[in-house]
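Written below as structure tokens is the structure these notes are about.
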Amino acid sequence: MPLHENNQLLSNLTLGKKITSYHNKYNPSLLQAVQRSLGRTSLDFTLDLLPFFTGADIWTLYELSWLNSKGVPQIAVGEVVLEATSEYFIESKSFKLYLNSFNQTCFDNWSKVRKILERDLSTCAQDKVRVTLFHLSEVENQHICKFSGSCIDEQDLTITDYNLKSRYLADAVAELEIVEETLFSNLLKSNCPITQQPDWGSVMIHYKGMRINREALLRYLVSFRLHNEFHEQCVERIFTDVLHFCQPEYLTVYARYTRRGGLDINPWRSNSNVPFTPGLSRLARQ
């Protein structure tokens, strides 16, 4: 059963409902939030006892536009950062509808737009949100990047099970050799818990500890293929499962998902004492 099936706390979301009219005048009431605790209950941790020290959800806004004081359209690429310690995260469809409400609204300057975005998103998430707006000239020469480390996708495997199984990681550290390495996969797929639409992504795992068996790790990641959960919650599940079964000294999990509705979501979680700075350049599928 999907983790969120029949959950009354999600029943009021716009997500999964037909939209008959779109707002193109500024309307912050369109924003909706989801409690992080909904996904964390099944992972057996709470906001007061997180298994990671740091983390954030990084959004890229590709379809952000408004009118200046003379009615001339303005366009920007936005970056939004919400800390993983917030009580709520922002539901993506409502985020898209909210951004659309800027389209035919006049604002005096870019700074005002940024401050309004920060205020509204912070109110929705009930925590501080940081917003940066970029002119196209600042990002149009940005290179398409890939995760550093070793890709685990080219293994010669037979896979017939696509239902989430954390137990694939149970015997993933048979070797006692201690290593520090970065592994990544481009085969991550999960599904929206409300609409069951596919969410496609790439995930990077950096750790120090007993060497993780790459076949076991890939089977585990592929087992998300029929799993229904929000992007942010999938990343926390991966982090928690690897931490529990593989017991690394420290661990960082960072996923970058393909965009939908002009937005991409890029969550990361880490328990490393060494500050992690996520690369913000988009991957090939973003």
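Residue numbering restarts at 1 in every chain; chains get A, B, ... in the order shown in the structure tokens, and ligands count up from 1 in that same order.
Residues in contact with range 177-187 of chain A at 8 Å, where only C-alpha atoms are counted and same-chain residues fewer than 3 positions away are skipped, are listed as A:Phe147, A:Ser148, A:Gly149, A:Ser150, A:Cys151, A:Ile152, A:Asp153, A:Trp200, A:Gly201, A:Ser202, A:Val203, A:Met204, A:Ile205, A:His206, A:Tyr207, A:Lys208, A:Gly209, A:Met210, A:Arg211, A:Leu218, A:Leu221, A:Val222.
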Expected file: the selected residues, N, CA and C atoms, as a tab-separated table (two decimals), in the first residue's frame:
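Final file, result25.tsv:
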chain	number	residue	atom	x	y	z
A	147	PHE	N	27.32	13.86	-12.05
A	147	PHE	CA	27.83	13.60	-10.71
A	147	PHE	C	29.26	13.10	-10.79
A	148	SER	N	30.06	13.49	-9.81
A	148	SER	CA	31.41	12.92	-9.69
A	148	SER	C	31.30	11.52	-9.11
A	149	GLY	N	32.36	10.74	-9.24
A	149	GLY	CA	32.36	9.40	-8.68
A	149	GLY	C	32.16	8.32	-9.71
A	150	SER	N	31.78	7.14	-9.26
A	150	SER	CA	31.63	5.97	-10.12
A	150	SER	C	30.16	5.65	-10.35
A	151	CYS	N	29.79	5.52	-11.62
A	151	CYS	CA	28.42	5.14	-11.97
A	151	CYS	C	28.26	3.63	-11.79
A	152	ILE	N	27.16	3.21	-11.17
A	152	ILE	CA	26.95	1.79	-10.90
A	152	ILE	C	25.94	1.16	-11.85
A	153	ASP	N	25.56	1.86	-12.92
A	153	ASP	CA	24.44	1.44	-13.75
A	153	ASP	C	24.78	0.38	-14.80
A	200	TRP	N	11.53	11.04	-12.22
A	200	TRP	CA	12.80	10.52	-12.72
A	200	TRP	C	13.96	11.30	-12.11
A	201	GLY	N	15.02	10.59	-11.73
A	201	GLY	CA	16.12	11.30	-11.12
A	201	GLY	C	17.44	10.55	-11.17
A	202	SER	N	18.47	11.24	-10.73
A	202	SER	CA	19.80	10.67	-10.53
A	202	SER	C	20.16	10.88	-9.07
A	203	VAL	N	20.89	9.92	-8.51
A	203	VAL	CA	21.21	10.01	-7.09
A	203	VAL	C	22.69	9.71	-6.87
A	204	MET	N	23.31	10.52	-6.03
A	204	MET	CA	24.71	10.37	-5.66
A	204	MET	C	24.80	9.99	-4.20
A	205	ILE	N	25.66	9.02	-3.89
A	205	ILE	CA	25.87	8.57	-2.51
A	205	ILE	C	27.36	8.64	-2.21
A	206	HIS	N	27.73	9.52	-1.29
A	206	HIS	CA	29.12	9.64	-0.85
A	206	HIS	C	29.20	9.15	0.59
A	207	TYR	N	30.16	8.28	0.85
A	207	TYR	CA	30.25	7.72	2.20
A	207	TYR	C	31.68	7.37	2.55
A	208	LYS	N	31.92	7.21	3.84
A	208	LYS	CA	33.15	6.60	4.35
A	208	LYS	C	32.73	5.48	5.28
A	209	GLY	N	33.25	4.28	5.01
A	209	GLY	CA	32.89	3.13	5.82
A	209	GLY	C	33.24	1.85	5.10
A	210	MET	N	32.66	0.74	5.54
A	210	MET	CA	32.89	-0.52	4.86
A	210	MET	C	32.36	-0.44	3.43
A	211	ARG	N	33.11	-1.01	2.50
A	211	ARG	CA	32.78	-0.89	1.09
A	211	ARG	C	31.38	-1.47	0.81
A	218	LEU	N	22.54	-1.12	-6.39
A	218	LEU	CA	21.75	-0.86	-7.59
A	218	LEU	C	20.40	-1.56	-7.51
A	221	LEU	N	18.21	0.60	-5.32
A	221	LEU	CA	17.74	1.83	-5.96
A	221	LEU	C	16.69	1.54	-7.02
A	222	VAL	N	16.86	0.47	-7.79
A	222	VAL	CA	15.87	0.11	-8.81
A	222	VAL	C	14.55	-0.31	-8.16
Per DSSP on the backbone, filter range 174-219 of chain A down to the residues in alpha helix (DSSP H) and report them as an NGL selection string. :A and (214-219)
Write out as a PDB file with N, CA and C atoms, in the first residue's frame each polymer residue whose atoms come within 10 Å of Ser37 in chain A, counting only C-alpha atoms; drop sequence neighbours fewer than 3 positions from it.
ATOM      1  N   VAL A  34       3.282  20.309   2.865  1.00  0.00           N
ATOM      2  CA  VAL A  34       3.125  18.927   3.329  1.00  0.00           C
ATOM      3  C   VAL A  34       4.033  18.741   4.544  1.00  0.00           C
ATOM      4  N   ARG A  40       8.383  10.637   7.528  1.00  0.00           N
ATOM      5  CA  ARG A  40       9.388  10.246   8.522  1.00  0.00           C
ATOM      6  C   ARG A  40       8.860   9.251   9.542  1.00  0.00           C
ATOM      7  N   THR A  41       7.550   9.172   9.694  1.00  0.00           N
ATOM      8  CA  THR A  41       6.976   8.232  10.658  1.00  0.00           C
ATOM      9  C   THR A  41       7.387   6.805  10.337  1.00  0.00           C
ATOM     10  N   SER A  42       7.317   6.433   9.054  1.00  0.00           N
ATOM     11  CA  SER A  42       7.672   5.066   8.664  1.00  0.00           C
ATOM     12  C   SER A  42       9.177   4.827   8.729  1.00  0.00           C
ATOM     13  N   LEU A  43       9.957   5.905   8.799  1.00  0.00           N
ATOM     14  CA  LEU A  43      11.415   5.783   8.913  1.00  0.00           C
ATOM     15  C   LEU A  43      11.869   5.791  10.363  1.00  0.00           C
ATOM     16  N   ASP A  44      10.907   5.980  11.257  1.00  0.00           N
ATOM     17  CA  ASP A  44      11.162   5.875  12.696  1.00  0.00           C
ATOM     18  C   ASP A  44      12.102   6.959  13.203  1.00  0.00           C
ATOM     19  N   PHE A  45      11.926   8.190  12.691  1.00  0.00           N
ATOM     20  CA  PHE A  45      12.626   9.320  13.296  1.00  0.00           C
ATOM     21  C   PHE A  45      11.741  10.550  13.227  1.00  0.00           C
ATOM     22  N   THR A  46      12.062  11.539  14.029  1.00  0.00           N
ATOM     23  CA  THR A  46      11.251  12.741  14.137  1.00  0.00           C
ATOM     24  C   THR A  46      12.118  13.966  13.909  1.00  0.00           C
ATOM     25  N   LEU A  47      11.476  15.133  13.876  1.00  0.00           N
ATOM     26  CA  LEU A  47      12.194  16.389  13.681  1.00  0.00           C
ATOM     27  C   LEU A  47      13.197  16.632  14.800  1.00  0.00           C
ATOM     28  N   GLU A  87       9.554  22.123   9.302  1.00  0.00           N
ATOM     29  CA  GLU A  87       8.467  21.197   9.630  1.00  0.00           C
ATOM     30  C   GLU A  87       7.697  20.775   8.383  1.00  0.00           C
ATOM     31  N   TYR A  88       7.691  21.645   7.374  1.00  0.00           N
ATOM     32  CA  TYR A  88       6.933  21.385   6.154  1.00  0.00           C
ATOM     33  C   TYR A  88       7.835  21.514   4.936  1.00  0.00           C
ATOM     34  N   GLN A 233      11.028  12.701   0.394  1.00  0.00           N
ATOM     35  CA  GLN A 233      10.918  11.543   1.274  1.00  0.00           C
ATOM     36  C   GLN A 233      11.721  10.355   0.749  1.00  0.00           C
TER      37      GLN A 233
END
Picked from range 135-268 of chain A by DSSP as strand (DSSP E), as a ChimeraX atom specification: /A:150-151,178-191,198-210,250-257,263-268
Only C-alpha atoms, please: the residues just picked out, written as a compact mmCIF listing (two decimals), in the first residue's frame.
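Result went into result-v2.txt, see below:
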# COMPACT_ATOMS: atom_id res chain seq x y z
CA SER A 150 31.63 5.97 -10.12
CA CYS A 151 28.42 5.14 -11.97
CA ILE A 178 37.17 0.80 4.85
CA VAL A 179 36.86 3.18 1.91
CA GLU A 180 35.73 6.68 1.12
CA GLU A 181 34.02 6.85 -2.25
CA THR A 182 31.24 8.41 -4.29
CA LEU A 183 28.77 6.24 -6.21
CA PHE A 184 25.91 7.41 -8.39
CA SER A 185 23.04 6.08 -10.47
CA ASN A 186 20.86 7.64 -13.15
CA LEU A 187 18.23 4.90 -12.82
CA LEU A 188 16.24 6.31 -9.91
CA LYS A 189 12.50 6.35 -10.53
CA SER A 190 9.68 6.64 -8.04
CA ASN A 191 6.12 7.87 -8.35
CA PRO A 198 6.67 8.99 -12.54
CA ASP A 199 9.47 11.00 -10.94
CA TRP A 200 12.80 10.52 -12.72
CA GLY A 201 16.12 11.30 -11.12
CA SER A 202 19.80 10.67 -10.53
CA VAL A 203 21.21 10.01 -7.09
CA MET A 204 24.71 10.37 -5.66
CA ILE A 205 25.87 8.57 -2.51
CA HIS A 206 29.12 9.64 -0.85
CA TYR A 207 30.25 7.72 2.20
CA LYS A 208 33.15 6.60 4.35
CA GLY A 209 32.89 3.13 5.82
CA MET A 210 32.89 -0.52 4.86
CA TYR A 250 29.46 9.41 7.46
CA LEU A 251 27.06 9.62 4.57
CA THR A 252 25.72 12.13 2.06
CA VAL A 253 22.83 11.44 -0.33
CA TYR A 254 22.05 13.96 -3.07
CA ALA A 255 19.41 13.52 -5.79
CA ARG A 256 18.60 15.68 -8.78
CA TYR A 257 15.19 15.08 -10.35
CA LEU A 263 10.46 23.14 -11.64
CA ASP A 264 13.11 20.67 -10.65
CA ILE A 265 13.70 19.41 -7.10
CA ASN A 266 17.14 18.51 -5.80
CA PRO A 267 17.16 17.26 -2.18
CA TRP A 268 20.27 16.34 -0.21
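Going from CA of Asp108 in chain A over to CA of Ala76 in chain A, you cover 14.9 Å.
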Close residues, Glu79 in chain A itself excluded, 9 Å, only C-alpha atoms, min 6 positions apart in chain, as number ranges by chain: A: 58-61, 130-134
What is the CA of Thr85 in chain A to CA of Gln35 in chain A distance in Å? 11.3 Å
Please report the interatomic distance between CA of Asn100 in chain A and CA of Leu82 in chain A in Å with one decimal. 20.3 Å
Neighbouring residues of range 230-232 of chain A were defined as those with any atom within 7 Å, considering only C-alpha atoms; residues of the same chain fewer than 3 positions away were excluded. Please report them as a PDB file with C-alpha atoms, in the first residue's frame.
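Result went into part_33.pdb, see below:
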ATOM      1  CA  CYS A 192       3.990  10.673  -6.957  1.00  0.00           C
ATOM      2  CA  PRO A 193       1.970   9.302  -4.019  1.00  0.00           C
ATOM      3  CA  VAL A 235      15.957  10.805  -0.500  1.00  0.00           C
ATOM      4  CA  GLU A 236      15.452  10.548   3.261  1.00  0.00           C
ATOM      5  CA  PRO A 267      17.161  17.258  -2.176  1.00  0.00           C
TER       6      PRO A 267
END
Name the residues in contact with Ile90 in chain A at a cut-off of 10 Å, using only C-alpha atoms, excluding same-chain residues fewer than 2 positions from it; report them as a PDB file with N, CA and C atoms, in the first residue's frame.
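This went into selection.pdb:
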ATOM      1  N   LEU A  31      -0.216  28.527  -2.506  1.00  0.00           N
ATOM      2  CA  LEU A  31       0.832  27.662  -1.961  1.00  0.00           C
ATOM      3  C   LEU A  31       0.267  26.678  -0.938  1.00  0.00           C
ATOM      4  N   GLN A  32       0.750  25.439  -1.008  1.00  0.00           N
ATOM      5  CA  GLN A  32       0.339  24.413  -0.056  1.00  0.00           C
ATOM      6  C   GLN A  32       1.570  23.671   0.465  1.00  0.00           C
ATOM      7  N   ALA A  33       1.480  23.229   1.697  1.00  0.00           N
ATOM      8  CA  ALA A  33       2.616  22.563   2.343  1.00  0.00           C
ATOM      9  C   ALA A  33       2.255  21.138   2.734  1.00  0.00           C
ATOM     10  N   VAL A  34       3.282  20.309   2.865  1.00  0.00           N
ATOM     11  CA  VAL A  34       3.125  18.927   3.329  1.00  0.00           C
ATOM     12  C   VAL A  34       4.033  18.741   4.544  1.00  0.00           C
ATOM     13  N   GLN A  35       3.503  18.149   5.592  1.00  0.00           N
ATOM     14  CA  GLN A  35       4.308  17.891   6.785  1.00  0.00           C
ATOM     15  C   GLN A  35       5.381  16.847   6.488  1.00  0.00           C
ATOM     16  N   ARG A  36       6.609  17.159   6.828  1.00  0.00           N
ATOM     17  CA  ARG A  36       7.682  16.181   6.637  1.00  0.00           C
ATOM     18  C   ARG A  36       7.452  14.932   7.487  1.00  0.00           C
ATOM     19  N   ASP A  57      16.321  21.112   0.515  1.00  0.00           N
ATOM     20  CA  ASP A  57      15.653  20.885  -0.760  1.00  0.00           C
ATOM     21  C   ASP A  57      15.949  22.098  -1.631  1.00  0.00           C
ATOM     22  N   LEU A  82      15.352  25.354   0.818  1.00  0.00           N
ATOM     23  CA  LEU A  82      14.594  25.137   2.045  1.00  0.00           C
ATOM     24  C   LEU A  82      15.306  24.078   2.874  1.00  0.00           C
ATOM     25  N   TYR A  88       7.691  21.645   7.374  1.00  0.00           N
ATOM     26  CA  TYR A  88       6.933  21.385   6.154  1.00  0.00           C
ATOM     27  C   TYR A  88       7.835  21.514   4.936  1.00  0.00           C
ATOM     28  N   SER A  92       4.740  20.630  -4.926  1.00  0.00           N
ATOM     29  CA  SER A  92       5.256  21.172  -6.185  1.00  0.00           C
ATOM     30  C   SER A  92       4.177  21.721  -7.117  1.00  0.00           C
ATOM     31  N   LYS A  93       3.009  21.074  -7.192  1.00  0.00           N
ATOM     32  CA  LYS A  93       1.974  21.601  -8.088  1.00  0.00           C
ATOM     33  C   LYS A  93       1.480  22.953  -7.603  1.00  0.00           C
ATOM     34  N   SER A  94       1.287  23.085  -6.304  1.00  0.00           N
ATOM     35  CA  SER A  94       0.849  24.372  -5.765  1.00  0.00           C
ATOM     36  C   SER A  94       1.919  25.434  -5.981  1.00  0.00           C
ATOM     37  N   PHE A  95       3.184  25.020  -5.928  1.00  0.00           N
ATOM     38  CA  PHE A  95       4.303  25.931  -6.181  1.00  0.00           C
ATOM     39  C   PHE A  95       4.221  26.455  -7.613  1.00  0.00           C
ATOM     40  N   LEU A 121       7.129  31.831   0.600  1.00  0.00           N
ATOM     41  CA  LEU A 121       7.603  30.456   0.727  1.00  0.00           C
ATOM     42  C   LEU A 121       7.990  30.140   2.169  1.00  0.00           C
ATOM     43  N   SER A 122       8.573  31.113   2.863  1.00  0.00           N
ATOM     44  CA  SER A 122       8.924  30.921   4.270  1.00  0.00           C
ATOM     45  C   SER A 122       7.667  30.746   5.117  1.00  0.00           C
ATOM     46  N   CYS A 124       4.803  29.536   4.059  1.00  0.00           N
ATOM     47  CA  CYS A 124       4.240  28.230   3.722  1.00  0.00           C
ATOM     48  C   CYS A 124       4.989  27.107   4.433  1.00  0.00           C
ATOM     49  N   ALA A 125       6.310  27.152   4.393  1.00  0.00           N
ATOM     50  CA  ALA A 125       7.132  26.091   4.990  1.00  0.00           C
ATOM     51  C   ALA A 125       7.320  26.267   6.490  1.00  0.00           C
TER      52      ALA A 125
END
Between A:Ile75, A:Ala56, A:Ile116, A:Val242, which is the closest to Asp171 in chain A once you count only C-alpha atoms? A:Val242
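Shortest atom-to-atom contact with His244 in chain A among A:Thr105, A:Leu97, A:Ser270, A:Pro51: A:Pro51, counting only C-alpha atoms.
Distances from A:Arg219, A:His143, A:Arg225, A:Lys112 to Arg282 in chain A were compared using only C-alpha atoms, and the smallest one belongs to A:His143.
The closest residue to Phe52 in chain A, picked from A:Asn103, A:Glu118, A:Glu229, A:Ala84 and counting only C-alpha atoms, is A:Ala84.
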